[in-house]
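A short write-up of the structure that comes next.
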Amino acid sequence: MKTKTVKALLLAATVAMASMSSAAVFAEDATEAVETEAEVSEDKAAADEVAALIDAIYVQEWTEDTAEQCAKAKEAWDALTDEQKELVEGEEADPDYFGRDTGDASADDPKNGDEIGENELLVVSFGTSFNDSRAEDIGGIEAALAEANPDWSVRRAFTAQIIINHVQARDGEAIDNMKQALDRAVDNGVKNLVVQPTHLMHGAEYDEMNEMLAEYADKFESVKVAEPLLGEVGEDATVINEDKAAAAEAVVAAAVEESSYDTLDAAAEDGTAFVLMGHGTSHTAKVTYSQMQTQMNELGYKNVFIGTVEGEPEETACEAVIEAVKEAGFNKVVLRPLMVVAGDHANNDMAGDDEDSWKSMFTASGAFESVDTQISGLGRIDAIQQIYVAHTAAAMAE
């Protein structure tokens, strides 16, 4: 056989072997790709199932099935791998629903016990799923009221079923909604019911609370409702009262104490403004926020500004507050919630890292040398707690 023919045959054999090897590698890669795609599909399916279970309990409605739904959602979440948990995404669901660390739930007392006695003081709050804030802010108010009224049994009710479901699903802590709390009072033979809302104002939540109370009015010998934190609303932005003055002094004192300044005037001299961010509302009670700004001005707090997440009233929108602080000549800002609890709004809408948070928008304006945040709810301030105590005493004295 000629040398060229031998070489040709060897080359052909080598090419054939290489082709077979490549084909084998390709087949192996293809198999792995299919298996990987299948695994990803399975992971997504498992995550989607949990997302659907979360969305099902992310509702402002309680039914006889709610407790079971909460348990199923948590059980399904716990069964996910860490990688699968990151894939959880639904209409309301995300990995933070179960995965975010908001503190130790066991530090909170849901105050839903029986053996109430004839006199009940029901503390009604919107609520929060942030464990530390629930225990320190709402729990702080409840503890102050219990200390001031040793002959009354203090119990709790939340008006936000979405939050109640979240806490029950994630932490196994059952908190009464208004109906459950009132039914508990009736079943326990309560005769005298005093209700102390922790709401800031006579807004939508306050109205809904009173509508529920009206359905139970004939089930008790007496039902009395205490004022919310800031008292009567009033007709326009000029209306202020003792409650608003006391609340303004308390929150500003706490803000200064948590800052690096000895006094509010010292902060002003250093170019620092304090921006207090409330929730905001489309309810007619929104004028309360304008009244609080009037109150700050009346107290001579020239470097304190009131804003709201919802931007209602309009002058409390973030962009409007940024302009107001700039025009007043301040180049440093401290953001703090004007809310009973330092929950989701304080941690995300105010102090979060997303571009639409207040911290991010103040920073992006380029008008300020520094933008700092304080994550503290009103409920943990002793002077604020004492306003609620005074309101309860006034209701009891009627």
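Chain labels A, B, ... are given in the sequence in which chains occur in the structure tokens; within each chain residues are numbered consecutively from 1, and ligands are likewise numbered from 1 in the order shown.
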
Write out as CSV a residue-level contact list of region 212-312 of chain A versus region 379-388 of chain A with cut-off 8 Å: for each qualifying residue the closest pair of atoms and the distance in Å to one decimal, counting only C-alpha atoms, rows sorted by chain and residue number upward.
```
residue,atom,partner,partner_atom,distance
A:Glu227,CA,A:Tyr388,CA,8.0
A:Pro228,CA,A:Tyr388,CA,7.5
A:Leu229,CA,A:Tyr388,CA,6.4
A:Asp243,CA,A:Ile387,CA,7.3
A:Ala246,CA,A:Ile387,CA,7.7
A:Ala247,CA,A:Ile384,CA,6.2
A:Ala250,CA,A:Ala383,CA,5.9
A:Val251,CA,A:Ile381,CA,7.6
A:Ala254,CA,A:Ile381,CA,7.3
```

Find the nearest atom pair between each residue of region 168-231 of chain A and region 93-107 of chain A for residues within 9 Å, count only C-alpha atoms, give distances in Å to one decimal, sort rows by chain and ascending number, and present the table as a Markdown table.
```
| residue | atom | partner | partner_atom | distance |
| --- | --- | --- | --- | --- |
| A:Ala169 | CA | A:Phe98 | CA | 8.2 |
| A:Arg170 | CA | A:Phe98 | CA | 5.6 |
| A:Asp171 | CA | A:Ala105 | CA | 6.4 |
| A:Gly172 | CA | A:Ala105 | CA | 8.8 |
| A:Glu173 | CA | A:Ala105 | CA | 7.6 |
```

TODO: Just the residues within 8 Å of Glu312 (chain A), please, counting only C-alpha atoms, with nothing from its chain fewer than 6 positions along; format it as a list in words.
DONE: Gly280, Thr281, Ser282 and Lys286 of chain A

Go ahead and write the residues just picked, N, CA and C atoms, as a CSV table (one decimal), in the first residue's frame.
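part-v5.csv written:
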```
chain,number,residue,atom,x,y,z
A,280,GLY,N,-50.3,59.6,54.8
A,280,GLY,CA,-51.1,60.3,53.9
A,280,GLY,C,-52.4,59.6,53.6
A,281,THR,N,-53.5,60.3,53.2
A,281,THR,CA,-54.8,59.7,52.9
A,281,THR,C,-55.6,60.6,52.0
A,282,SER,N,-56.5,59.9,51.3
A,282,SER,CA,-57.5,60.7,50.5
A,282,SER,C,-58.7,61.1,51.3
A,286,LYS,N,-57.1,64.2,55.8
A,286,LYS,CA,-55.7,64.5,55.4
A,286,LYS,C,-55.3,65.9,55.8
```

- [ ] Would you list the contacts of region 154-168 of chain A as a ChimeraX atom specification, taking every protein, DNA or RNA residue within 7 Å and counting only C-alpha atoms, but skipping same-chain residues closer than 6 positions in sequence?
- [x] /A:57-62,70,110-112,120-129,146,174-178,181

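Residues lying within 8 Å of region 113-116 of chain A, counting only C-alpha atoms and ignoring same-chain neighbours fewer than 2 positions away, are A:Lys111, A:Glu118, A:Asn119, A:Glu120, A:Ser153, A:Arg155, A:Arg184, A:Ala185, A:Asn188, A:Val190.
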
Could you dump the residues just selected with N, CA and C atoms as a compact mmCIF listing (two decimals), in the first residue's frame?
```
# COMPACT_ATOMS: atom_id res chain seq x y z
N LYS A 111 -51.97 39.58 73.17
CA LYS A 111 -53.04 39.99 74.08
C LYS A 111 -54.42 39.54 73.61
N GLU A 118 -65.14 41.93 83.71
CA GLU A 118 -66.22 42.81 83.28
C GLU A 118 -65.74 44.05 82.55
N ASN A 119 -64.49 44.46 82.76
CA ASN A 119 -63.98 45.70 82.19
C ASN A 119 -62.84 45.42 81.21
N GLU A 120 -63.06 45.77 79.96
CA GLU A 120 -62.02 45.56 78.94
C GLU A 120 -61.61 46.87 78.29
N SER A 153 -58.76 44.90 81.83
CA SER A 153 -58.01 43.91 81.04
C SER A 153 -57.73 44.51 79.66
N ARG A 155 -56.71 44.28 75.89
CA ARG A 155 -56.68 43.32 74.80
C ARG A 155 -56.36 44.06 73.50
N ARG A 184 -64.87 37.84 71.30
CA ARG A 184 -64.19 37.35 72.50
C ARG A 184 -64.70 38.09 73.74
N ALA A 185 -64.87 39.41 73.60
CA ALA A 185 -65.37 40.21 74.72
C ALA A 185 -66.77 39.79 75.12
N ASN A 188 -66.80 36.44 76.85
CA ASN A 188 -66.21 36.52 78.19
C ASN A 188 -67.06 37.32 79.17
N VAL A 190 -67.92 40.56 79.09
CA VAL A 190 -67.50 41.94 79.33
C VAL A 190 -68.73 42.84 79.37
```

Task: Straight-line distance linking CA of Gly90 (chain A) with CA of Asp55 (chain A), stated in Å to one decimal - done: 6.8 Å

Open item on the list: From a backbone DSSP assignment, name each residue in region 84-314 of chain A labelled strand (DSSP E or B), as a ChimeraX atom specification.
Closed with: /A:119-125,153-158,177,192-197,222-225,272-278,304-308

For those residues, write C-alpha atoms to a file as a PDB file, in the first residue's frame.
```pdb
ATOM      1  CA  ASN A 119     -63.976  45.702  82.192  1.00  0.00           C
ATOM      2  CA  GLU A 120     -62.024  45.555  78.942  1.00  0.00           C
ATOM      3  CA  LEU A 121     -59.742  48.145  77.358  1.00  0.00           C
ATOM      4  CA  LEU A 122     -59.458  47.171  73.688  1.00  0.00           C
ATOM      5  CA  VAL A 123     -56.468  48.741  71.923  1.00  0.00           C
ATOM      6  CA  VAL A 124     -57.171  48.899  68.187  1.00  0.00           C
ATOM      7  CA  SER A 125     -54.285  49.327  65.747  1.00  0.00           C
ATOM      8  CA  SER A 153     -58.014  43.913  81.040  1.00  0.00           C
ATOM      9  CA  VAL A 154     -56.070  45.200  78.031  1.00  0.00           C
ATOM     10  CA  ARG A 155     -56.677  43.323  74.798  1.00  0.00           C
ATOM     11  CA  ARG A 156     -55.546  43.890  71.196  1.00  0.00           C
ATOM     12  CA  ALA A 157     -57.229  44.075  67.801  1.00  0.00           C
ATOM     13  CA  PHE A 158     -55.739  44.844  64.376  1.00  0.00           C
ATOM     14  CA  ASN A 177     -59.205  41.260  64.118  1.00  0.00           C
ATOM     15  CA  ASN A 192     -67.873  47.819  80.074  1.00  0.00           C
ATOM     16  CA  LEU A 193     -65.828  48.249  76.917  1.00  0.00           C
ATOM     17  CA  VAL A 194     -63.439  51.137  76.317  1.00  0.00           C
ATOM     18  CA  VAL A 195     -61.763  51.292  72.920  1.00  0.00           C
ATOM     19  CA  GLN A 196     -58.490  53.140  72.448  1.00  0.00           C
ATOM     20  CA  PRO A 197     -57.417  53.442  68.801  1.00  0.00           C
ATOM     21  CA  SER A 222     -71.368  50.677  78.006  1.00  0.00           C
ATOM     22  CA  VAL A 223     -69.068  51.305  75.045  1.00  0.00           C
ATOM     23  CA  LYS A 224     -66.749  54.298  75.029  1.00  0.00           C
ATOM     24  CA  VAL A 225     -64.305  55.301  72.296  1.00  0.00           C
ATOM     25  CA  THR A 272     -29.978  70.159  59.094  1.00  0.00           C
ATOM     26  CA  ALA A 273     -33.715  69.689  58.601  1.00  0.00           C
ATOM     27  CA  PHE A 274     -35.878  66.928  60.051  1.00  0.00           C
ATOM     28  CA  VAL A 275     -38.477  65.511  57.665  1.00  0.00           C
ATOM     29  CA  LEU A 276     -41.285  63.544  59.318  1.00  0.00           C
ATOM     30  CA  MET A 277     -42.983  61.178  56.872  1.00  0.00           C
ATOM     31  CA  GLY A 278     -46.579  60.135  57.544  1.00  0.00           C
ATOM     32  CA  VAL A 304     -39.092  70.467  60.706  1.00  0.00           C
ATOM     33  CA  PHE A 305     -41.144  69.458  57.662  1.00  0.00           C
ATOM     34  CA  ILE A 306     -44.143  67.138  57.292  1.00  0.00           C
ATOM     35  CA  GLY A 307     -44.458  64.741  54.325  1.00  0.00           C
ATOM     36  CA  THR A 308     -46.547  61.704  53.400  1.00  0.00           C
TER      37      THR A 308
END
```

TODO: Could you tell me which of A:Ser370, A:Thr316, A:Thr63, A:Asn348 comes closest to Gln180 (chain A) if we count only C-alpha atoms?
DONE: A:Thr63

Select from region 242-266 of chain A every residue with an atom at most 10 Å from any atom of region 322-338 of chain A, then for each give the shortest pair of atoms and their distance in Å to one decimal, using only C-alpha atoms, rows by chain and rising number, as a Markdown table.
```
| residue | atom | partner | partner_atom | distance |
| --- | --- | --- | --- | --- |
| A:Ala247 | CA | A:Leu338 | CA | 9.9 |
| A:Ala248 | CA | A:Leu338 | CA | 9.7 |
| A:Val251 | CA | A:Leu338 | CA | 7.9 |
| A:Val252 | CA | A:Arg336 | CA | 9.7 |
| A:Ala255 | CA | A:Arg336 | CA | 7.4 |
| A:Val256 | CA | A:Val334 | CA | 9.6 |
| A:Ser259 | CA | A:Val334 | CA | 8.3 |
```

Give me a file of those residues, with N, CA, C and O atoms, as a tab-separated table (two decimals), in the first residue's frame.
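The resulting file, again.tsv, is reproduced below:
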```
chain	number	residue	atom	x	y	z
A	247	ALA	N	-47.85	66.03	70.65
A	247	ALA	CA	-47.27	65.04	69.75
A	247	ALA	C	-46.08	65.62	68.99
A	247	ALA	O	-45.04	64.96	68.81
A	248	ALA	N	-46.22	66.87	68.54
A	248	ALA	CA	-45.13	67.53	67.80
A	248	ALA	C	-43.90	67.67	68.68
A	248	ALA	O	-42.77	67.37	68.26
A	251	VAL	N	-42.26	64.01	69.27
A	251	VAL	CA	-41.54	63.37	68.16
A	251	VAL	C	-40.28	64.17	67.80
A	251	VAL	O	-39.24	63.58	67.47
A	252	VAL	N	-40.35	65.49	67.88
A	252	VAL	CA	-39.17	66.29	67.56
A	252	VAL	C	-38.09	66.09	68.62
A	252	VAL	O	-36.89	65.96	68.29
A	255	ALA	N	-36.46	62.84	67.90
A	255	ALA	CA	-35.62	62.91	66.70
A	255	ALA	C	-34.29	63.58	67.00
A	255	ALA	O	-33.23	63.12	66.56
A	256	VAL	N	-34.35	64.64	67.77
A	256	VAL	CA	-33.11	65.35	68.13
A	256	VAL	C	-32.24	64.47	69.02
A	256	VAL	O	-31.02	64.39	68.85
A	259	SER	N	-30.33	62.05	67.10
A	259	SER	CA	-29.38	62.65	66.15
A	259	SER	C	-28.07	62.98	66.86
A	259	SER	O	-27.88	62.64	68.03
```

Open item on the list: Quick check, in Å to one decimal: how far apart do CA of Asp349 (chain A) and CA of Asp262 (chain A) lie?
Closed with: 28.1 Å

- [ ] Between CA of Ala135 (chain A) and CA of Val341 (chain A), measure the distance and give it in Å to one decimal.
- [x] 9.7 Å

- [ ] as a ChimeraX atom specification, please: all residues of region 175-209 of chain A that backbone DSSP puts in alpha helix (DSSP H).
- [x] /A:178-187,204-209

Could you pull the residues within 10 Å of Trp77 (chain A), counting only C-alpha atoms, minus those fewer than 4 positions along the same chain, as a PDB file with C-alpha atoms, in the first residue's frame?
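The result, stored in out.pdb:
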```pdb
ATOM      1  CA  ALA A  46     -42.530  24.872  43.279  1.00  0.00           C
ATOM      2  CA  ALA A  47     -41.901  28.606  43.765  1.00  0.00           C
ATOM      3  CA  GLU A  49     -47.104  27.206  44.073  1.00  0.00           C
ATOM      4  CA  VAL A  50     -45.884  29.055  47.169  1.00  0.00           C
ATOM      5  CA  ALA A  51     -46.509  32.424  45.501  1.00  0.00           C
ATOM      6  CA  LEU A  53     -50.569  30.333  48.442  1.00  0.00           C
ATOM      7  CA  ILE A  54     -49.196  33.695  49.641  1.00  0.00           C
ATOM      8  CA  ALA A  71     -50.292  27.013  57.722  1.00  0.00           C
ATOM      9  CA  LYS A  72     -50.177  25.530  54.215  1.00  0.00           C
ATOM     10  CA  ALA A  73     -48.340  28.562  52.818  1.00  0.00           C
ATOM     11  CA  THR A  81     -34.627  25.123  48.726  1.00  0.00           C
ATOM     12  CA  ASP A  82     -32.854  28.454  49.148  1.00  0.00           C
ATOM     13  CA  GLN A  84     -36.331  28.082  44.946  1.00  0.00           C
ATOM     14  CA  LYS A  85     -37.236  30.675  47.579  1.00  0.00           C
ATOM     15  CA  VAL A  88     -41.091  33.204  44.591  1.00  0.00           C
ATOM     16  CA  PRO A  95     -39.161  36.139  48.983  1.00  0.00           C
ATOM     17  CA  TYR A  97     -42.908  37.625  52.774  1.00  0.00           C
ATOM     18  CA  PHE A  98     -41.471  34.719  54.728  1.00  0.00           C
ATOM     19  CA  GLY A  99     -37.754  35.374  54.359  1.00  0.00           C
ATOM     20  CA  ARG A 170     -44.838  33.434  59.074  1.00  0.00           C
TER      21      ARG A 170
END
```
